$ cat data11.cif   # mmCIF, C-alpha atoms
data_run
#
loop_
_atom_site.label_atom_id
_atom_site.label_comp_id
_atom_site.auth_asym_id
_atom_site.auth_seq_id
_atom_site.Cartn_x
_atom_site.Cartn_y
_atom_site.Cartn_z
CA MET A 1 87.36 67.59 57.07
CA ALA A 2 88.76 64.95 54.71
CA THR A 3 86.13 65.94 52.13
CA HIS A 4 87.43 69.51 52.21
CA HIS A 5 90.94 68.32 51.47
CA ARG A 6 89.82 66.26 48.47
CA VAL A 7 87.85 69.17 47.04
CA ARG A 8 90.79 71.53 47.46
CA THR A 9 93.09 69.03 45.71
CA GLY A 10 90.66 68.71 42.83
CA ALA A 11 90.43 72.49 42.53
CA LEU A 12 94.22 72.79 42.50
CA LEU A 13 94.54 70.25 39.68
CA CYS A 14 91.84 72.09 37.73
CA CYS A 15 93.67 75.40 38.11
CA LEU A 16 96.98 73.84 37.08
CA GLY A 17 95.32 72.43 33.98
CA LEU A 18 93.88 75.82 33.06
CA ALA A 19 97.23 77.46 33.62
CA VAL A 20 98.85 75.05 31.16
CA LEU A 21 96.18 76.03 28.63
CA GLY A 22 96.99 79.68 29.20
CA LEU A 23 93.71 80.45 30.93
CA GLY A 24 93.24 82.63 34.00
CA ALA A 25 92.77 81.63 37.63
CA CYS A 26 89.81 79.46 38.52
CA GLN A 27 87.47 78.78 41.43
CA GLU A 28 85.86 75.41 40.93
CA GLU A 29 82.23 75.30 41.92
CA GLY A 30 81.93 73.72 45.34
CA THR A 31 85.46 74.60 46.43
CA PRO A 32 85.18 75.89 50.00
CA ARG A 33 86.04 79.53 50.49
CA PRO A 34 87.65 80.75 53.74
CA VAL A 35 85.13 81.07 56.55
CA ALA A 36 84.93 83.44 59.49
CA PRO A 37 87.18 82.42 62.41
CA SER A 38 84.11 81.84 64.60
CA ARG A 39 83.04 79.04 62.25
CA ALA A 40 86.49 77.61 61.51
CA GLU A 41 87.07 73.99 62.46
CA SER A 42 90.74 74.13 61.41
CA ALA A 43 93.31 76.71 60.36
CA ALA A 44 92.74 75.65 56.76
CA ASP A 45 89.11 76.81 57.03
CA VAL A 46 90.21 80.44 57.46
CA GLY A 47 92.70 80.22 54.62
CA GLY A 48 95.70 78.71 56.40
CA SER A 49 98.01 79.46 59.30
CA ALA A 50 99.10 82.88 58.03
CA ALA A 51 95.49 83.98 57.62
CA LEU A 52 94.68 82.78 61.13
CA VAL A 53 97.61 84.72 62.59
CA LYS A 54 96.56 87.86 60.70
CA ALA A 55 92.96 87.59 61.93
CA ALA A 56 94.09 86.99 65.52
CA LYS A 57 96.40 90.01 65.44
CA ARG A 58 93.50 92.15 64.26
CA GLU A 59 91.52 91.04 67.31
CA GLY A 60 94.55 91.83 69.47
CA ARG A 61 93.30 90.15 72.64
CA LEU A 62 92.72 86.73 74.17
CA ASN A 63 90.50 86.19 77.20
CA THR A 64 91.59 83.29 79.39
CA ILE A 65 90.40 82.18 82.81
CA ALA A 66 91.75 80.19 85.77
CA LEU A 67 95.36 80.11 84.55
CA PRO A 68 97.75 80.64 87.49
CA ARG A 69 101.13 81.67 86.15
CA GLN A 70 102.87 79.07 88.34
CA TRP A 71 100.72 76.23 86.94
CA ALA A 72 102.17 73.88 84.28
CA GLY A 73 104.31 76.51 82.57
CA TYR A 74 101.57 79.07 81.98
CA ASP A 75 103.88 81.97 82.84
CA ARG A 76 106.19 81.14 79.94
CA LEU A 77 103.33 80.17 77.65
CA ILE A 78 101.45 83.44 78.18
CA ASP A 79 104.56 85.59 77.86
CA GLY A 80 105.70 83.64 74.80
CA PHE A 81 102.35 83.99 73.03
CA GLU A 82 102.22 87.72 73.67
CA LYS A 83 105.76 88.20 72.42
CA LYS A 84 105.36 86.00 69.35
CA TYR A 85 102.05 87.43 68.12
CA GLY A 86 101.66 90.80 69.84
CA ILE A 87 98.30 89.69 71.28
CA LYS A 88 97.40 90.70 74.82
CA VAL A 89 96.48 87.75 77.07
CA VAL A 90 94.02 88.64 79.83
CA VAL A 91 93.63 86.15 82.70
CA ASP A 92 90.40 86.35 84.67
CA ASN A 93 90.09 84.67 88.07
CA PRO A 94 93.56 83.05 87.90
CA SER A 95 92.90 80.89 90.96
CA GLY A 96 89.54 79.66 89.70
CA HIS A 97 88.47 76.08 89.13
CA SER A 98 86.98 74.15 86.20
CA GLN A 99 83.34 74.55 87.17
CA GLN A 100 83.82 78.29 87.61
CA GLU A 101 85.17 78.44 84.05
CA ILE A 102 82.00 76.81 82.74
CA GLU A 103 79.85 79.17 84.78
CA ALA A 104 81.78 82.17 83.37
CA VAL A 105 81.05 81.01 79.82
CA GLN A 106 77.35 80.85 80.67
CA ARG A 107 77.27 84.09 82.67
CA TYR A 108 79.09 86.27 80.14
CA ARG A 109 77.74 84.81 76.92
CA GLY A 110 77.62 87.54 74.27
CA GLN A 111 79.86 89.88 76.25
CA LYS A 112 83.38 91.01 75.37
CA ARG A 113 84.66 89.78 78.73
CA ALA A 114 83.59 86.16 78.14
CA PRO A 115 86.39 83.59 78.18
CA ASP A 116 87.72 82.71 74.74
CA VAL A 117 89.41 79.49 75.83
CA LEU A 118 89.12 77.05 78.71
CA ASP A 119 91.49 74.75 80.61
CA LEU A 120 89.37 72.02 82.18
CA GLY A 121 89.59 68.70 83.93
CA ASP A 122 88.29 66.01 81.58
CA SER A 123 85.03 65.42 83.43
CA PHE A 124 84.28 69.15 83.27
CA ALA A 125 85.27 69.36 79.58
CA GLN A 126 82.84 66.57 78.81
CA SER A 127 80.14 68.35 80.79
CA ALA A 128 80.73 71.58 78.85
CA ALA A 129 80.55 69.67 75.56
CA ARG A 130 77.22 68.10 76.54
CA GLN A 131 75.91 71.58 77.31
CA ASN A 132 76.88 72.69 73.77
CA LEU A 133 79.24 75.38 75.08
CA LEU A 134 82.30 74.42 73.03
CA ALA A 135 83.38 75.00 69.43
CA PRO A 136 84.78 72.08 67.40
CA TYR A 137 88.31 72.87 66.23
CA ARG A 138 91.09 70.54 65.05
CA VAL A 139 94.59 71.79 65.82
CA ALA A 140 97.33 70.80 63.39
CA GLN A 141 98.45 67.97 65.71
CA PHE A 142 94.93 66.65 66.36
CA ASP A 143 95.59 63.25 64.77
CA GLN A 144 98.69 62.77 66.97
CA ILE A 145 96.68 63.09 70.20
CA PRO A 146 95.82 59.61 71.54
CA PRO A 147 92.14 58.73 70.93
CA GLU A 148 91.37 58.40 74.65
CA GLN A 149 92.74 61.91 75.22
CA LYS A 150 90.35 63.82 72.96
CA ASP A 151 86.75 64.28 71.92
CA ALA A 152 86.03 62.64 68.56
CA GLU A 153 84.25 65.85 67.49
CA ALA A 154 87.26 67.97 68.53
CA ARG A 155 85.31 70.01 71.08
CA TRP A 156 88.06 69.35 73.66
CA TYR A 157 91.45 67.65 73.71
CA ASN A 158 93.98 67.03 76.44
CA ASN A 159 97.14 69.13 76.41
CA TYR A 160 99.12 68.28 79.55
CA GLY A 161 98.84 66.30 82.73
CA GLY A 162 100.50 64.27 85.44
CA TYR A 163 100.01 62.01 88.43
CA VAL A 164 98.39 62.67 91.78
CA SER A 165 101.23 63.02 94.27
CA ILE A 166 101.88 63.66 97.95
CA GLY A 167 104.18 66.58 98.71
CA CYS A 168 105.73 67.12 102.12
CA ASP A 169 107.97 69.63 103.91
CA ALA A 170 110.53 67.39 105.59
CA ALA A 171 111.74 70.39 107.61
CA ARG A 172 108.41 70.40 109.47
CA VAL A 173 107.26 66.78 109.17
CA LYS A 174 109.48 64.14 110.77
CA THR A 175 108.41 61.27 108.49
CA CYS A 176 106.88 62.17 105.14
CA PRO A 177 103.93 60.03 103.98
CA ASP A 178 104.20 58.08 100.72
CA SER A 179 100.72 56.51 100.62
CA PHE A 180 97.10 57.43 101.26
CA ALA A 181 97.04 55.00 104.18
CA ASN A 182 99.86 56.97 105.84
CA LEU A 183 97.83 60.18 105.70
CA LEU A 184 95.50 58.91 108.43
CA ARG A 185 98.30 58.75 111.01
CA PRO A 186 97.71 60.90 114.13
CA GLU A 187 100.98 62.82 113.71
CA TYR A 188 99.53 64.47 110.58
CA LYS A 189 96.71 66.21 112.45
CA GLY A 190 95.66 69.34 110.56
CA LEU A 191 98.47 68.98 108.01
CA VAL A 192 96.95 67.37 104.87
CA SER A 193 95.61 69.74 102.21
CA MET A 194 94.60 69.77 98.54
CA TYR A 195 93.53 72.37 95.97
CA GLY A 196 89.87 73.30 96.16
CA GLN A 197 86.85 71.02 96.40
CA PRO A 198 86.34 67.97 94.14
CA THR A 199 82.89 69.23 93.18
CA ASP A 200 84.42 72.02 91.11
CA ALA A 201 88.22 71.57 90.95
CA GLY A 202 89.84 69.02 88.65
CA SER A 203 92.89 68.61 90.89
CA ALA A 204 90.80 67.79 93.97
CA PHE A 205 88.51 65.51 91.95
CA ALA A 206 91.60 63.55 90.83
CA ALA A 207 92.79 63.31 94.45
CA VAL A 208 89.49 61.70 95.43
CA TYR A 209 89.74 59.30 92.48
CA ALA A 210 93.27 58.33 93.54
CA ALA A 211 92.10 57.82 97.12
CA ALA A 212 89.31 55.58 95.81
CA LEU A 213 91.83 53.40 93.95
CA ALA A 214 93.87 53.16 97.16
CA ASN A 215 90.87 52.02 99.18
CA GLY A 216 89.20 49.31 97.15
CA GLY A 217 87.45 51.55 94.63
CA SER A 218 87.79 51.64 90.87
CA PHE A 219 87.13 53.86 87.86
CA ASP A 220 83.51 52.70 88.23
CA ASN A 221 83.37 53.38 91.97
CA ILE A 222 84.73 56.64 93.41
CA GLN A 223 82.75 56.40 96.65
CA PRO A 224 85.66 54.86 98.64
CA GLY A 225 87.62 58.03 97.87
CA ILE A 226 84.88 60.17 99.38
CA ASP A 227 84.79 57.85 102.38
CA PHE A 228 88.55 58.19 102.78
CA PHE A 229 88.39 61.97 102.97
CA ALA A 230 85.50 61.70 105.43
CA ARG A 231 87.81 59.61 107.65
CA LEU A 232 90.68 62.06 107.08
CA ASP A 233 88.40 64.87 108.22
CA LYS A 234 87.03 62.89 111.18
CA VAL A 235 90.50 62.21 112.60
CA GLY A 236 91.32 65.92 112.17
CA ASN A 237 94.01 65.59 109.52
CA TYR A 238 92.20 67.31 106.63
CA ASN A 239 93.39 70.91 106.17
CA ARG A 240 91.15 73.00 103.87
CA ALA A 241 93.77 75.64 102.94
CA ASP A 242 95.10 75.63 99.37
CA PRO A 243 98.73 74.41 99.30
CA ASP A 244 100.21 77.25 97.25
CA PRO A 245 103.90 78.19 97.66
CA VAL A 246 103.14 81.04 100.07
CA ALA A 247 101.07 78.80 102.36
CA ILE A 248 103.75 76.09 102.26
CA ALA A 249 106.54 78.56 103.05
CA LYS A 250 104.57 79.81 106.07
CA GLY A 251 104.03 76.27 107.32
CA LYS A 252 100.26 76.37 106.83
CA THR A 253 100.12 73.36 104.49
CA PRO A 254 103.14 71.11 105.11
CA ILE A 255 101.53 68.10 103.40
CA SER A 256 99.64 68.38 100.14
CA ILE A 257 97.84 66.11 97.69
CA GLU A 258 98.26 67.65 94.26
CA TRP A 259 99.49 67.01 90.74
CA ASP A 260 103.12 65.92 90.62
CA TYR A 261 104.02 68.80 88.28
CA LEU A 262 102.68 71.34 90.75
CA SER A 263 104.44 69.68 93.66
CA LEU A 264 107.72 69.33 91.76
CA ALA A 265 107.54 73.00 90.75
CA HIS A 266 107.59 73.87 94.48
CA LEU A 267 111.21 72.66 94.54
CA ASP A 268 112.13 75.69 92.45
CA GLN A 269 109.55 78.07 93.90
CA LEU A 270 110.57 77.43 97.52
CA ARG A 271 114.33 77.39 97.09
CA GLY A 272 115.96 79.50 99.80
CA THR A 273 112.89 79.55 102.09
CA GLY A 274 114.02 76.80 104.47
CA VAL A 275 111.41 74.40 103.12
CA ASN A 276 112.72 70.87 102.44
CA TRP A 277 110.09 69.76 99.92
CA ARG A 278 109.80 66.13 98.92
CA VAL A 279 107.45 64.56 96.38
CA SER A 280 106.19 60.99 96.08
CA ILE A 281 103.56 59.30 93.94
CA PRO A 282 101.47 57.18 96.36
CA PHE A 283 102.10 53.50 95.69
CA ASP A 284 98.61 52.55 96.81
CA GLY A 285 96.71 55.00 94.61
CA SER A 286 98.49 55.83 91.35
CA PHE A 287 96.14 57.99 89.27
CA SER A 288 97.01 59.95 86.14
CA GLN A 289 94.87 62.52 84.39
CA TYR A 290 95.27 65.36 81.93
CA TYR A 291 93.75 68.80 81.47
CA ALA A 292 91.75 69.56 78.35
CA GLN A 293 91.79 72.64 76.18
CA ALA A 294 88.59 73.95 74.65
CA ILE A 295 87.26 76.98 72.80
CA ASN A 296 84.13 78.85 73.87
CA LYS A 297 81.55 78.44 71.09
CA ASP A 298 80.73 82.14 71.48
CA ALA A 299 84.32 83.35 71.97
CA PRO A 300 84.56 87.14 71.56
CA HIS A 301 88.01 86.66 69.98
CA PRO A 302 87.56 83.50 67.91
CA ALA A 303 90.73 83.80 65.81
CA ALA A 304 92.96 84.44 68.83
CA ALA A 305 91.29 81.49 70.60
CA ARG A 306 92.15 79.14 67.74
CA LEU A 307 95.67 80.50 67.42
CA TRP A 308 96.21 79.95 71.17
CA GLU A 309 95.29 76.29 70.78
CA GLU A 310 97.67 75.89 67.84
CA TYR A 311 100.40 77.45 69.99
CA LEU A 312 99.75 75.15 72.97
CA PHE A 313 99.97 72.04 70.80
CA SER A 314 103.03 73.14 68.83
CA PRO A 315 106.43 71.65 69.79
CA GLN A 316 107.31 74.99 71.37
CA GLY A 317 104.20 75.00 73.56
CA GLN A 318 104.46 71.33 74.49
CA ASN A 319 108.12 71.62 75.49
CA LEU A 320 107.30 74.64 77.67
CA ARG A 321 105.00 72.37 79.68
CA LEU A 322 108.04 70.27 80.54
CA VAL A 323 109.83 73.25 82.09
CA ASP A 324 107.41 73.03 85.00
CA TYR A 325 107.33 69.20 85.03
CA ALA A 326 103.95 68.77 83.32
CA ARG A 327 103.70 65.89 80.86
CA PRO A 328 102.73 67.10 77.36
CA VAL A 329 100.05 64.98 75.75
CA LEU A 330 102.22 64.73 72.61
CA LEU A 331 105.28 63.50 74.52
CA ALA A 332 105.40 60.11 72.76
CA ALA A 333 104.75 61.60 69.32
CA MET A 334 107.42 64.27 69.83
CA ALA A 335 109.94 61.70 71.05
CA LYS A 336 109.31 59.81 67.84
CA ASN A 337 109.55 62.78 65.46
CA GLY A 338 112.53 64.38 67.20
CA THR A 339 110.90 67.57 68.51
CA LEU A 340 110.92 66.62 72.21
CA ASP A 341 113.30 68.41 74.58
CA LYS A 342 114.96 65.26 75.93
CA ALA A 343 116.79 67.04 78.76
CA LEU A 344 113.55 68.42 80.19
CA ALA A 345 111.70 65.14 79.67
CA ALA A 346 114.42 63.26 81.57
CA ARG A 347 113.50 65.18 84.76
CA LEU A 348 110.02 63.63 84.95
CA PRO A 349 109.58 61.07 87.73
CA THR A 350 109.49 57.45 86.63
CA VAL A 351 106.18 55.71 87.19
CA GLU A 352 105.70 51.96 86.98
CA GLY A 353 103.27 50.60 84.42
CA THR A 354 101.21 52.25 81.69
CA PRO A 355 98.71 54.86 82.88
CA GLN A 356 95.05 53.98 82.50
CA PHE A 357 92.28 56.55 82.22
CA PRO A 358 88.59 56.45 83.11
CA ASN A 359 86.30 56.73 80.11
CA GLU A 360 83.64 59.39 79.64
CA ALA A 361 80.85 57.35 81.21
CA GLN A 362 83.01 56.56 84.25
CA LEU A 363 84.06 60.20 84.67
CA THR A 364 80.48 61.40 84.36
CA LYS A 365 79.29 58.89 86.95
CA ALA A 366 82.17 59.73 89.30
CA LEU A 367 81.57 63.49 89.14
CA ARG A 368 77.85 62.95 89.73
CA THR A 369 78.64 60.81 92.78
CA VAL A 370 81.06 63.38 94.19
CA ARG A 371 78.60 66.23 93.74
CA LYS A 372 75.86 64.20 95.39
CA ASN A 373 77.80 62.82 98.36
CA TRP A 374 80.84 65.03 99.09
CA ALA A 375 79.20 67.80 101.14
CA LYS A 376 77.24 65.50 103.43
CA ALA A 377 80.22 63.17 103.93
CA VAL A 378 83.07 65.68 104.23
CA GLY A 379 81.52 69.16 104.36
CA SER A 380 82.54 72.27 102.48
#

$ encode --input "data11.cif" --output "structure tokens"
Amino acid sequence: MATHHRVRTGALLCCLGLAVLGLGACQEEGTPRPVAPSRAESAADVGGSAALVKAAKREGRLNTIALPRQWAGYDRLIDGFEKKYGIKVVVDNPSGHSQQEIEAVQRYRGQKRAPDVLDLGDSFAQSAARQNLLAPYRVAQFDQIPPEQKDAEARWYNNYGGYVSIGCDAARVKTCPDSFANLLRPEYKGLVSMYGQPTDAGSAFAAVYAAALANGGSFDNIQPGIDFFARLDKVGNYNRADPDPVAIAKGKTPISIEWDYLSLAHLDQLRGTGVNWRVSIPFDGSFSQYYAQAINKDAPHPAAARLWEEYLFSPQGQNLRLVDYARPVLLAAMAKNGTLDKALAARLPTVEGTPQFPNEAQLTKALRTVRKNWAKAVGS
């Protein structure tokens, strides 16, 4: 991309020189012309931000998948995008998981209903990239995203995230757990749930990774996390229901292992229901991870897909993540340049130490191990 910028600068100087000489407009040989949105690797490639907006409005639609409105501010993000650009956002399978998103890209390739954009756990984003399903695209803030939070080829990049936490309804549970070790206690029989299965859901995969760290495992060894859930299931504490607000309000899932931003959002969602929700980050298994954004290589609405990514990484989009307690990937950069909503950021729970993240090889190995061993150890 840097070569493009140098060529454009040279062309501009050439045109300015011709203008001084009283000559007409020029197009230096080799100067890149705007390309179709489906081939664009930046907004500049389609002629700039205004051109991208115009092309996206012509398409008039954005196909998304697995975006629950109550997840990480997606209700405000979707409504805000529609209002700002007049583009209809369609959400398919809102309760779906990362692997189902990848399967939808493969199943509907070439069809108008195919997903334009994806929201994936990192291990699944890396898998999609290896399968050549994703389009390289650099959002305006690409260089501000930490290197460990993005693909060097810009096929995916993290947008928001948080820490694995333990949520608990203190109105139904006498003593709320604050560690993975606590979850094995007999008084929690049938009470401990998490979202989906780790074989296809990023949230559950992270829970197993956190459990591994709490039980002698490491980024290189997730097996102790699988073993922990096998024990949790054996003692009868593992509850396979998804801990959504409705299930929590009905008392079906009084203890949950989920992202801290989802659990903290329950405080607002469950107000007035009689639920006394409390959230803690387990001291024996602190694990942080982010969710990646990506564009389907064969997106039926390629301009809208690219505009959506620009919107999610803009200060407006990143601050909207904070409304529902998710940590924007550009938090540090925005704090430095003055675009961060400090009042919203101040509500985030304090976590000791600097978060560490597994690398691509470790994530790939961990996901392979989970897919190989989870069903026989824990069941479906």

$ closest_residue --input "data11.cif" --among "A:Leu348, A:Ala292, A:Val370, A:Ala304" --to "A:Lys54" --atoms "only C-alpha atoms"
A:Ala304

$ residues_around --input "data11.cif" --residues "stretch 206-222 of chain A" --least-positions-apart "6" --cutoff "9 Å" --atoms "all atoms listed in the file" --output "JSON, numbers by chain"
{"A": [121, 163, 164, 165, 179, 180, 181, 194, 198, 228, 229, 257, 258, 259, 282, 283, 284, 285, 286, 287, 288, 289, 357, 358, 359, 361, 362, 363, 365, 366, 367, 369, 370]}

$ closest_residue --input "data11.cif" --among "A:Gly317, A:Pro355, A:Gly167, A:Gly202" --to "A:Pro243" --atoms "all atoms listed in the file"
A:Gly167

$ residues_around --input "data11.cif" --residues "A:Glu148" --least-positions-apart "2" --cutoff "10 Å" --atoms "only C-alpha atoms" --output "JSON, numbers by chain"
{"A": [145, 146, 150, 151, 152, 157, 158, 356, 357, 358, 359, 360]}

$ resolve_selection --input "data11.cif" --expression "the PyMOL selection byres ((chain A and resi 247-255) around 8)" --output "PyMOL selection string"
chain A and resi 166-169+172-173+191-193+239+241-246+256-257+270+273-275

$ closest_residue --input "data11.cif" --among "A:Asn296, A:Arg76, A:Ile281, A:Ala44" --to "A:Glu352" --atoms "only C-alpha atoms"
A:Ile281

$ atom_distance --input "data11.cif" --atom1 "atom CA of A:Ala265" --atom2 "atom CA of A:Gly196"
18.5 Å

$ build_atoms --input "data11.cif" --residues "stretch 357-380 of chain A" --atoms "N, CA and C atoms" --output "CSV table (one decimal), in the frame of the given file"
chain,number,residue,atom,x,y,z
A,357,PHE,N,93.1,55.4,82.0
A,357,PHE,CA,92.3,56.6,82.2
A,357,PHE,C,90.8,56.1,82.3
A,358,PRO,N,90.0,56.7,83.1
A,358,PRO,CA,88.6,56.4,83.1
A,358,PRO,C,88.0,57.0,81.8
A,359,ASN,N,87.0,56.3,81.3
A,359,ASN,CA,86.3,56.7,80.1
A,359,ASN,C,85.2,57.8,80.4
A,360,GLU,N,84.6,58.3,79.4
A,360,GLU,CA,83.6,59.4,79.6
A,360,GLU,C,82.5,59.0,80.6
A,361,ALA,N,82.0,57.8,80.4
A,361,ALA,CA,80.8,57.4,81.2
A,361,ALA,C,81.3,57.2,82.7
A,362,GLN,N,82.5,56.7,82.9
A,362,GLN,CA,83.0,56.6,84.2
A,362,GLN,C,83.3,57.9,84.9
A,363,LEU,N,83.8,58.9,84.1
A,363,LEU,CA,84.1,60.2,84.7
A,363,LEU,C,82.7,60.9,85.0
A,364,THR,N,81.8,60.8,84.1
A,364,THR,CA,80.5,61.4,84.4
A,364,THR,C,79.8,60.9,85.6
A,365,LYS,N,79.9,59.5,85.8
A,365,LYS,CA,79.3,58.9,87.0
A,365,LYS,C,80.0,59.3,88.2
A,366,ALA,N,81.4,59.4,88.1
A,366,ALA,CA,82.2,59.7,89.3
A,366,ALA,C,81.9,61.2,89.7
A,367,LEU,N,81.8,62.1,88.8
A,367,LEU,CA,81.6,63.5,89.1
A,367,LEU,C,80.2,63.6,89.7
A,368,ARG,N,79.2,62.9,89.2
A,368,ARG,CA,77.8,63.0,89.7
A,368,ARG,C,77.8,62.4,91.2
A,369,THR,N,78.6,61.4,91.4
A,369,THR,CA,78.6,60.8,92.8
A,369,THR,C,79.3,61.8,93.8
A,370,VAL,N,80.4,62.4,93.3
A,370,VAL,CA,81.1,63.4,94.2
A,370,VAL,C,80.1,64.6,94.5
A,371,ARG,N,79.5,65.1,93.5
A,371,ARG,CA,78.6,66.2,93.7
A,371,ARG,C,77.4,65.9,94.6
A,372,LYS,N,77.0,64.6,94.6
A,372,LYS,CA,75.9,64.2,95.4
A,372,LYS,C,76.3,63.9,96.8
A,373,ASN,N,77.5,63.4,97.0
A,373,ASN,CA,77.8,62.8,98.4
A,373,ASN,C,78.9,63.6,99.1
A,374,TRP,N,79.7,64.4,98.4
A,374,TRP,CA,80.8,65.0,99.1
A,374,TRP,C,80.4,65.9,100.3
A,375,ALA,N,79.5,66.8,100.1
A,375,ALA,CA,79.2,67.8,101.1
A,375,ALA,C,78.7,67.1,102.4
A,376,LYS,N,77.8,66.1,102.2
A,376,LYS,CA,77.2,65.5,103.4
A,376,LYS,C,78.3,64.6,104.1
A,377,ALA,N,79.2,64.1,103.3
A,377,ALA,CA,80.2,63.2,103.9
A,377,ALA,C,81.4,63.9,104.5
A,378,VAL,N,81.8,65.0,103.8
A,378,VAL,CA,83.1,65.7,104.2
A,378,VAL,C,82.8,67.1,104.7
A,379,GLY,N,81.8,67.7,104.1
A,379,GLY,CA,81.5,69.2,104.4
A,379,GLY,C,82.2,70.0,103.3
A,380,SER,N,82.0,71.3,103.5
A,380,SER,CA,82.5,72.3,102.5
A,380,SER,C,84.0,72.7,102.9
